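S.K.: Dropping in query_0.cif, which is mmCIF, C-alpha atoms and all ligand atoms:
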data_entry
#
loop_
_atom_site.label_atom_id
_atom_site.label_comp_id
_atom_site.auth_asym_id
_atom_site.auth_seq_id
_atom_site.Cartn_x
_atom_site.Cartn_y
_atom_site.Cartn_z
CA MET A 79 177.72 41.52 191.38
CA ARG A 80 176.99 44.81 189.59
CA GLN A 81 173.69 46.53 189.02
CA PRO A 82 171.49 44.50 186.72
CA ARG A 83 171.83 45.70 183.10
CA LEU A 84 168.25 46.84 182.86
CA LEU A 85 168.50 49.02 185.94
CA ARG A 86 171.68 50.55 184.69
CA ALA A 87 170.17 51.24 181.28
CA VAL A 88 167.18 52.90 182.93
CA ALA A 89 169.52 54.97 185.08
CA ILE A 90 171.50 56.08 182.04
CA LEU A 91 168.36 56.94 180.08
CA TRP A 92 166.99 58.80 183.04
CA CYS A 93 170.19 60.68 183.32
CA ILE A 94 170.13 61.66 179.65
CA ALA A 95 166.50 62.71 179.99
CA CYS A 96 167.13 64.85 183.04
CA SER A 97 170.47 66.31 182.14
CA GLY A 98 168.80 69.27 180.48
CA SER A 99 166.70 70.08 183.51
CA PHE A 100 169.36 70.22 186.19
CA PRO A 101 168.90 73.45 188.15
CA ALA A 102 170.81 75.96 186.08
CA LEU A 103 173.05 77.04 188.93
CA SER A 104 175.91 77.91 186.67
CA ALA A 105 173.69 79.97 184.40
CA LYS A 106 173.03 82.64 187.03
CA PRO A 107 173.89 86.09 185.70
CA PRO A 108 176.82 87.78 187.42
CA PRO A 109 175.64 90.01 190.28
CA ALA A 110 175.48 93.72 189.58
CA PRO A 111 178.48 95.72 190.79
CA VAL A 112 178.05 96.57 194.45
CA ALA A 113 178.78 99.87 196.08
CA MET A 114 182.02 100.00 198.07
CA PRO A 115 181.36 99.38 201.77
CA ALA A 116 182.28 102.27 204.04
CA SER A 117 184.71 100.16 206.05
CA LEU A 118 186.64 97.43 204.29
CA PRO A 119 186.32 93.87 205.56
CA ASP A 120 189.55 91.88 205.99
CA ALA A 121 189.34 89.87 202.79
CA PRO A 122 189.73 91.87 199.57
CA ILE A 123 187.47 89.40 197.75
CA ARG A 124 184.00 88.59 198.97
CA PHE A 125 182.23 85.32 198.09
CA ASP A 126 178.49 84.72 198.38
CA ALA A 127 179.56 81.64 200.42
CA ARG A 128 182.85 79.86 201.06
CA GLU A 129 181.18 76.48 201.23
CA LYS A 130 178.27 75.15 199.17
CA THR A 131 176.25 71.96 199.11
CA VAL A 132 174.48 70.71 196.01
CA GLN A 133 171.85 67.96 196.30
CA VAL A 134 172.38 65.48 193.48
CA PRO A 135 169.36 63.42 192.39
CA SER A 136 169.98 59.68 192.08
CA GLY A 137 171.32 58.71 188.67
CA GLN A 138 173.01 62.08 188.11
CA THR A 139 176.79 61.87 187.81
CA GLU A 140 177.70 65.56 187.91
CA ALA A 141 177.22 68.37 190.42
CA HIS A 142 177.35 72.00 189.31
CA PHE A 143 178.54 74.76 191.61
CA SER A 144 178.76 78.50 191.24
CA PHE A 145 180.27 81.09 193.54
CA ALA A 146 179.60 84.80 193.19
CA VAL A 147 182.82 86.76 193.65
CA THR A 148 183.12 90.49 194.37
CA ASN A 149 186.18 92.67 194.64
CA VAL A 150 185.56 94.68 197.82
CA SER A 151 188.99 96.31 197.82
CA PRO A 152 189.82 99.74 196.43
CA THR A 153 192.22 98.37 193.78
CA ASN A 154 192.06 96.00 190.82
CA ILE A 155 192.43 92.30 191.67
CA THR A 156 193.64 89.75 189.14
CA VAL A 157 192.46 86.17 189.56
CA THR A 158 195.02 84.00 187.83
CA ALA A 159 193.86 80.43 188.39
CA LEU A 160 191.53 77.97 190.09
CA HIS A 161 193.04 74.96 191.79
CA PRO A 162 190.60 72.07 192.38
CA SER A 163 191.63 69.47 194.99
CA CYS A 164 190.94 66.62 192.62
CA GLY A 165 190.99 65.78 188.93
CA CYS A 166 187.28 65.06 189.21
CA THR A 167 186.47 68.79 189.48
CA ALA A 168 186.64 71.09 186.47
CA ALA A 169 186.47 74.80 187.33
CA LYS A 170 186.12 77.84 185.11
CA LEU A 171 186.92 81.54 185.37
CA PRO A 172 185.02 84.02 183.18
CA SER A 173 188.43 84.75 181.58
CA THR A 174 192.07 83.97 182.31
CA PRO A 175 193.50 86.07 183.80
CA TRP A 176 190.36 87.62 185.26
CA VAL A 177 190.72 91.26 186.26
CA LEU A 178 188.16 92.55 188.76
CA ALA A 179 187.80 96.31 189.12
CA PRO A 180 186.95 97.63 192.60
CA GLY A 181 183.31 96.88 193.41
CA HIS A 182 182.93 94.53 190.46
CA GLY A 183 182.36 90.83 190.43
CA GLY A 184 181.29 87.76 188.53
CA VAL A 185 180.75 84.06 188.88
CA VAL A 186 183.19 81.17 189.17
CA THR A 187 181.74 77.82 188.16
CA ALA A 188 182.82 74.26 188.87
CA THR A 189 181.56 70.85 187.81
CA MET A 190 182.30 67.81 189.94
CA ASN A 191 182.31 64.44 188.22
CA LEU A 192 180.67 61.92 190.55
CA ALA A 193 181.07 58.76 188.49
CA GLY A 194 181.86 55.85 190.84
CA LYS A 195 181.18 57.98 193.94
CA TYR A 196 178.37 57.94 196.46
CA GLY A 197 177.26 59.62 199.65
CA THR A 198 178.52 63.13 200.30
CA VAL A 199 181.60 64.01 198.29
CA ILE A 200 183.65 66.93 199.61
CA LYS A 201 186.26 68.71 197.49
CA SER A 202 188.00 72.04 197.67
CA LEU A 203 188.60 74.70 195.06
CA THR A 204 191.24 77.34 195.66
CA VAL A 205 190.89 80.72 193.97
CA ILE A 206 194.38 82.08 193.30
CA SER A 207 194.74 85.85 192.91
CA ASP A 208 197.29 88.61 193.36
CA ALA A 209 195.37 89.53 196.54
CA GLY A 210 195.76 86.05 198.07
CA SER A 211 194.40 82.52 197.77
CA PHE A 212 190.88 81.65 198.88
CA PRO A 213 189.83 78.04 199.49
CA LEU A 214 186.20 77.17 198.77
CA THR A 215 184.50 73.95 199.84
CA LEU A 216 182.25 72.02 197.46
CA ARG A 217 179.93 69.32 198.75
CA ALA A 218 177.84 67.09 196.55
CA ALA A 219 175.18 65.22 198.53
CA MET A 220 174.14 62.31 196.37
CA ALA A 221 170.70 60.78 196.77
CA GLU A 222 170.55 57.02 196.91
CA ASP A 223 167.76 54.58 196.60
CA ALA A 224 167.40 51.70 199.03
CA TYR A 225 168.50 49.17 196.43
CA GLN A 226 171.77 50.96 195.71
CA ASN A 227 172.34 51.25 199.43
CA LEU A 228 171.97 47.51 199.97
CA GLN A 229 174.16 46.75 197.02
CA ARG A 230 176.85 49.12 198.17
CA ASN A 231 176.95 47.61 201.64
CA ALA A 232 177.24 44.12 200.20
CA GLU A 233 180.04 45.20 197.86
CA ARG A 234 181.81 46.92 200.68
CA SER A 235 181.78 44.00 203.06
CA ARG A 236 183.18 41.86 200.23
CA ASN A 237 185.96 44.43 199.70
CA LEU A 238 186.71 44.41 203.41
CA GLN A 239 186.97 40.62 203.44
CA VAL A 240 189.35 40.66 200.49
CA ALA A 241 191.52 43.33 202.15
CA ALA A 242 191.51 41.52 205.50
CA ALA A 243 192.95 38.43 203.78
CA ASP A 244 195.59 40.49 201.91
CA ARG A 245 195.97 44.23 202.51
CA GLN A 246 197.77 44.65 199.14
CA ALA A 247 194.76 43.26 197.23
CA VAL A 248 193.39 46.79 197.10
CA PHE A 249 195.92 47.54 194.32
CA ARG A 250 194.88 44.64 192.10
CA GLY A 251 192.05 43.53 189.84
CA ASP A 252 188.84 45.54 189.98
CA CYS A 253 189.94 47.27 193.20
CA ALA A 254 192.59 49.12 191.15
CA ARG A 255 189.85 50.97 189.25
CA CYS A 256 189.23 53.16 192.30
CA HIS A 257 192.35 52.66 194.43
CA VAL A 258 195.13 52.83 191.77
CA GLU A 259 193.94 54.29 188.44
CA PRO A 260 193.12 57.72 189.93
CA THR A 261 196.69 57.98 191.38
CA LYS A 262 198.44 57.67 188.03
CA GLY A 263 200.60 60.65 187.05
CA LYS A 264 199.62 62.54 190.20
CA SER A 265 201.75 64.02 192.97
CA GLY A 266 201.38 66.06 196.16
CA ARG A 267 197.91 67.06 197.22
CA ASP A 268 196.14 65.51 194.21
CA LEU A 269 197.93 62.26 194.89
CA TYR A 270 196.94 62.39 198.55
CA SER A 271 193.25 62.76 197.57
CA ALA A 272 193.40 59.84 195.18
CA ALA A 273 195.63 57.43 197.12
CA CYS A 274 194.94 58.24 200.78
CA GLY A 275 191.89 60.50 200.99
CA ILE A 276 189.79 57.79 199.35
CA CYS A 277 190.00 55.87 202.64
CA HIS A 278 191.05 58.45 205.23
CA ASP A 279 188.84 61.39 204.19
CA SER A 280 185.72 59.41 203.30
CA PRO A 281 182.75 60.32 205.48
CA HIS A 282 181.64 56.67 204.99
CA ARG A 283 184.89 55.01 205.92
CA ALA A 284 184.88 52.00 208.19
CA SER A 285 185.59 52.64 211.86
CA MET A 286 189.08 51.10 211.70
CA VAL A 287 190.24 53.81 209.28
CA PRO A 288 191.55 56.68 211.44
CA ALA A 289 191.21 60.36 210.50
CA LEU A 290 194.53 61.91 209.44
CA ARG A 291 193.28 65.48 209.36
CA GLY A 292 192.78 67.68 212.37
CA ARG A 293 195.25 65.82 214.60
CA PRO A 294 197.04 68.06 217.09
CA VAL A 295 200.55 66.79 216.22
CA ALA A 296 202.65 67.79 213.17
CA PHE A 297 204.19 64.38 212.39
CA PRO A 298 207.73 64.32 210.96
CA THR A 299 208.87 63.03 207.57
CA VAL A 300 210.02 59.64 208.95
CA TYR A 301 206.55 58.98 210.32
CA TRP A 302 204.87 59.58 206.96
CA ASN A 303 207.54 57.67 205.03
CA GLN A 304 207.08 54.67 207.27
CA TRP A 305 203.31 54.61 206.84
CA ILE A 306 203.32 55.36 203.10
CA LEU A 307 206.06 52.95 202.09
CA HIS A 308 205.24 50.07 204.44
CA GLY A 309 201.70 50.57 205.75
CA LYS A 310 201.01 48.23 208.64
CA GLU A 311 201.05 44.50 208.58
CA GLY A 312 198.04 42.80 210.08
CA SER A 313 195.82 45.82 209.33
CA LEU A 314 193.98 47.15 206.28
CA MET A 315 196.60 49.87 205.71
CA PRO A 316 198.50 48.81 202.56
CA ALA A 317 202.15 49.44 201.63
CA PHE A 318 202.39 51.91 198.74
CA ALA A 319 206.09 51.40 197.82
CA LEU A 320 206.67 49.74 194.43
CA SER A 321 209.12 47.37 196.12
CA LYS A 322 206.30 46.16 198.40
CA GLY A 323 203.81 45.64 195.60
CA GLY A 324 202.37 49.13 195.92
CA PRO A 325 201.53 51.50 193.04
CA LEU A 326 203.62 54.60 193.89
CA SER A 327 207.07 55.54 192.57
CA PRO A 328 209.69 56.87 195.01
CA GLU A 329 209.12 60.38 193.55
CA GLN A 330 205.38 60.11 194.17
CA CYS A 331 205.97 58.94 197.76
CA ASP A 332 208.34 61.88 198.35
CA SER A 333 205.78 64.32 196.97
CA LEU A 334 203.20 62.90 199.38
CA THR A 335 205.49 63.34 202.37
CA ALA A 336 206.28 66.91 201.32
CA TYR A 337 202.57 67.68 201.07
CA LEU A 338 201.71 65.93 204.36
CA THR A 339 204.39 67.80 206.32
CA GLY A 340 203.50 71.14 204.69
CA GLU A 341 200.34 72.36 203.03
CA PHE A 342 198.24 69.52 204.51
CA LEU A 343 198.65 70.92 208.03
CA LYS A 344 197.07 74.22 207.00
CA GLU A 345 194.05 72.72 205.27
CA ALA A 346 190.65 72.46 206.88
CA THR A 347 189.27 69.20 208.14
CA PRO A 348 186.46 68.14 205.82
CA GLY A 349 183.12 67.76 207.51
CA LYS A 350 184.26 69.67 210.60
CA ALA A 351 183.36 73.11 211.91
CA PRO A 352 181.53 74.65 208.96
CA SER A 353 182.52 78.27 208.45
CA PRO A 354 179.96 80.82 209.64
CA SER A 355 179.49 82.12 206.09
CA ILE A 356 177.43 79.09 205.05
CA THR A 357 173.75 79.67 204.54
CA PRO A 358 171.96 77.22 206.86
CA ALA A 359 169.69 76.12 203.99
CA THR A 360 172.70 74.76 202.08
CA ILE A 361 173.72 72.37 204.84
CA LYS A 362 172.30 68.90 204.63
C1 LIG B 401 192.42 50.94 201.77
C2 LIG B 401 192.25 52.01 202.71
C3 LIG B 401 193.47 52.86 203.05
C4 LIG B 401 194.21 53.60 202.18
C5 LIG B 401 194.05 53.73 200.67
C6 LIG B 401 195.20 54.29 202.98
N1 LIG B 401 195.06 53.96 204.29
FE1 LIG B 401 196.18 54.66 205.83
N2 LIG B 401 195.21 53.44 207.12
C7 LIG B 401 194.17 52.58 206.77
C8 LIG B 401 193.79 51.82 207.96
C9 LIG B 401 192.71 50.75 208.02
C10 LIG B 401 194.61 52.27 209.02
C11 LIG B 401 194.62 51.78 210.46
C12 LIG B 401 195.76 50.83 210.64
C13 LIG B 401 195.76 50.25 212.04
O1 LIG B 401 194.98 49.31 212.26
O2 LIG B 401 196.51 50.76 212.87
C14 LIG B 401 195.48 53.28 208.45
C15 LIG B 401 196.42 53.98 209.19
C16 LIG B 401 197.18 55.02 208.69
C17 LIG B 401 198.03 55.85 209.51
C18 LIG B 401 198.21 55.76 211.01
C19 LIG B 401 197.26 56.74 211.65
C20 LIG B 401 197.08 56.55 213.12
O3 LIG B 401 196.49 57.46 213.72
O4 LIG B 401 197.47 55.52 213.65
C21 LIG B 401 198.63 56.74 208.67
C22 LIG B 401 199.62 57.83 209.04
C23 LIG B 401 198.13 56.46 207.34
N3 LIG B 401 197.25 55.41 207.38
C24 LIG B 401 198.51 57.16 206.22
C25 LIG B 401 198.06 56.87 204.93
C26 LIG B 401 198.55 57.53 203.75
C27 LIG B 401 199.56 58.65 203.74
C28 LIG B 401 197.91 56.96 202.69
C29 LIG B 401 198.13 57.23 201.22
C30 LIG B 401 199.46 56.99 200.70
C31 LIG B 401 196.99 55.96 203.22
N4 LIG B 401 197.13 55.94 204.58
C32 LIG B 401 196.14 55.20 202.47
C33 LIG B 401 193.58 52.45 205.53
C34 LIG B 401 194.02 53.07 204.37
C1 LIG B 402 184.00 51.92 193.00
C2 LIG B 402 185.25 52.31 193.65
C3 LIG B 402 185.90 51.28 194.57
C4 LIG B 402 186.26 49.98 194.29
C5 LIG B 402 186.08 49.23 192.98
C6 LIG B 402 186.90 49.48 195.49
N1 LIG B 402 186.91 50.44 196.48
FE1 LIG B 402 187.69 50.25 198.33
N2 LIG B 402 186.96 52.07 198.83
C7 LIG B 402 186.32 52.93 197.99
C8 LIG B 402 185.89 54.10 198.73
C9 LIG B 402 185.17 55.32 198.17
C10 LIG B 402 186.29 53.88 200.09
C11 LIG B 402 186.08 54.80 201.31
C12 LIG B 402 184.98 54.23 202.16
C13 LIG B 402 183.64 54.47 201.55
O1 LIG B 402 183.33 55.61 201.17
O2 LIG B 402 182.89 53.48 201.45
C14 LIG B 402 186.96 52.60 200.09
C15 LIG B 402 187.50 52.04 201.25
C16 LIG B 402 188.17 50.86 201.29
C17 LIG B 402 188.79 50.31 202.50
C18 LIG B 402 188.81 50.93 203.90
C19 LIG B 402 187.71 50.36 204.75
C20 LIG B 402 186.37 51.02 204.49
O3 LIG B 402 185.45 50.33 204.00
O4 LIG B 402 186.21 52.21 204.80
C21 LIG B 402 189.33 49.12 202.14
C22 LIG B 402 190.08 48.16 203.04
C23 LIG B 402 189.05 48.92 200.72
N3 LIG B 402 188.36 50.00 200.25
C24 LIG B 402 189.45 47.82 199.99
C25 LIG B 402 189.02 47.54 198.69
C26 LIG B 402 189.28 46.29 197.99
C27 LIG B 402 190.07 45.13 198.57
C28 LIG B 402 188.69 46.38 196.77
C29 LIG B 402 188.61 45.31 195.68
C30 LIG B 402 188.15 44.00 196.07
C31 LIG B 402 188.08 47.71 196.69
N4 LIG B 402 188.30 48.38 197.88
C32 LIG B 402 187.41 48.19 195.59
C33 LIG B 402 186.10 52.75 196.63
C34 LIG B 402 186.30 51.56 195.96
#
How would this structure read if it were set down as structure tokens?

M.R.:
Amino acid sequence: MRQPRLLRAVAILWCIACSGSFPALSAKPPPAPVAMPASLPDAPIRFDAREKTVQVPSGQTEAHFSFAVTNVSPTNITVTALHPSCGCTAAKLPSTPWVLAPGHGGVVTATMNLAGKYGTVIKSLTVISDAGSFPLTLRAAMAEDAYQNLQRNAERSRNLQVAAADRQAVFRGDCARCHVEPTKGKSGRDLYSAACGICHDSPHRASMVPALRGRPVAFPTVYWNQWILHGKEGSLMPAFALSKGGPLSPEQCDSLTAYLTGEFLKEATPGKAPSPSITPATIK
């Protein structure tokens, strides 16, 4: 059912062997201070790109990102925090808080853990500062060999069969490793990513899983409560309420609804309309 032991051992060894030679993206020196532009652009902070794609060789379970940041405003800017969209991404500021003098800059780095993931994984990282919040998009494009591809498709059609027989099965047994464990202790946006985004935001999702992002309607609280608590009988959409055999506490469900009727509406649709600041070479 899983990868044969030998193959896995080879993959692990390969990974250990190559881990030292991963392109040292995060080791780039900070760019030299730039002269103040004559006319100020709208954003007080400039990024070398707002969206980056890293190609991940097969066997590698981490993707490393770095964003060059420059204060293009005439006053000091203090960056106070980085907010990754998922627990799988660890991000680092040069210091906390990080004070940027006018014209000065540095590099923000992030490492995405890709264990158990495949295909193109898209996450966001929000830079929080006293001059505003700036969302960055991180894409890890994972290479796959033909064997893994075949195996994944086989595993997936088995999962689909199991879910078609019982939509709540997704919360039990081995399925819980990906569909329940990552939701534990989470709320709001992080919980959405782990509990809902796994199906609804996956670029590989099956055709019967509708997109929730980018819809023209702002759905009300009752709509979200209904779907989250009860799902839909006769479909693959499970019920998340504890009382229905789901994994989420009433507080977690409420935090999801609050997120989905608020912040969610302002967030970009992953995989849609790349921002013009992306370098063409970084897009797969
Ligand atoms: C196991 C995969 C899976 C997970 C996890 C999942 N969904 Fe769904 N969801 C589906 C499927 C499949 C449908 C389509 C149901 C149908 O046939 O109408 C659906 C439908 C929906 C719809 C209706 C959308 C429409 O346009 O009709 C909403 C809203 C929704 N899900 C919200 C959520 C939320 C919120 C979460 C997280 C708490 C979540 N889903 C988690 C698979 C999933
Ligand atoms: C290794 C992690 C993992 C495990 C284990 C797992 N899933 Fe999933 N599941 C995913 C991901 C990721 C998606 C999103 C679609 C994709 O990327 O293939 C998904 C999507 C789904 C969907 C939506 C339909 C689709 O294929 O897009 C259903 C239904 C589902 N899983 C049911 C199950 C069931 C039932 C089990 C256990 C028998 C299970 N999953 C085990 C990761 C997992």

S.K.: Can you pull out every residue within 12 Å of Tyr270 in chain A, counting all atoms listed in the file, but drop anything in the same chain fewer than 4 positions away, and send it as JSON, numbers by chain?

M.R.: {"A": [163, 164, 165, 257, 258, 260, 261, 262, 264, 265, 266, 274, 275, 276, 277, 278, 279, 290, 291, 302, 306, 318, 326, 330, 331, 332, 333, 334, 335, 336, 337, 338, 341, 342]}

S.K.: Could I get the residue neighbourhood of ligand LIG 402 (chain B) at 9 Å, counting only C-alpha atoms and all ligand atoms, as a ChimeraX atom specification?

M.R.: /A:193-198,230-231,233-257,275-287,313-316

S.K.: How far is it from CA of Gly183 in chain A to CA of Asn154 in chain A, in Å with one decimal?

M.R.: 11.0 Å

S.K.: For atom C34 of ligand LIG 401 (chain B) and CA of Glu345 in chain A, determine how far apart the two atoms are, in Å to one decimal place.

M.R.: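 Taking atom C34 of ligand LIG 401 (chain B) as the start and CA of Glu345 in chain A as the end point, the length is 19.7 Å.
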
S.K.: What's around range 170-178 of chain A at 7 Å? Count all atoms listed in the file, leave out sequence neighbours fewer than 3 positions away in its own chain, and write the answer as a list of chain:residue names.

M.R.: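 Contacts, in chain order: A:Asn149, A:Asn154, A:Ile155, A:Thr156, A:Val157, A:Thr158, A:His182, A:Gly183, A:Val186, A:Thr187, A:Ala188.
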
S.K.: One decimal, Å: what's the distance from atom FE1 of ligand LIG 401 (chain B) over to CA of Lys310 in chain A, could you say?

M.R.: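 We find that atom FE1 of ligand LIG 401 (chain B) and CA of Lys310 in chain A lie 8.5 Å from each other.
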
S.K.: Which one is closest to Val205 in chain A: A:Ile123, A:Ala272, A:Ala141, A:Ala317? Count only C-alpha atoms.

M.R.: A:Ile123

S.K.: Taking all atoms listed in the file into account, name the residue in A:Ile200, A:Thr148, A:Gln133, A:Asn191 that is nearest to Ser271 in chain A.

M.R.: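 For Ser271 in chain A, the nearest of the given residues is A:Ile200.
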
S.K.: Which is closest to Ala319 in chain A among A:Val134, A:Ala127, A:Leu307, A:Leu192, if we use only C-alpha atoms?

M.R.: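 That would be A:Leu307, the residue with the smallest distance to Ala319 in chain A.
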
S.K.: Which of these residues is nearest to Thr131 in chain A, using only C-alpha atoms: A:Thr215, A:Thr189, A:Ser151, A:Thr167?

M.R.: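 Under the stated criterion, the closest residue is A:Thr215.
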
S.K.: A:Gln229, A:Thr153, A:Ser144, A:Thr339: which is nearest Leu203 in chain A, counting only C-alpha atoms?

M.R.: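 Ranked by minimum distance to Leu203 in chain A, first place goes to A:Ser144.
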
S.K.: Using all atoms listed in the file, collect all residues at a distance of at most 9 Å from (177.4, 87.6, 196.9) as written in the file, then present them as a count of residues only.

M.R.: 10

S.K.: Nearest residue to ligand LIG 401 (chain B) out of A:Ala221, A:Ala168, A:Leu343, A:Ala289, using all atoms listed in the file?

M.R.: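 So, comparing all the options, the nearest one is A:Ala289.
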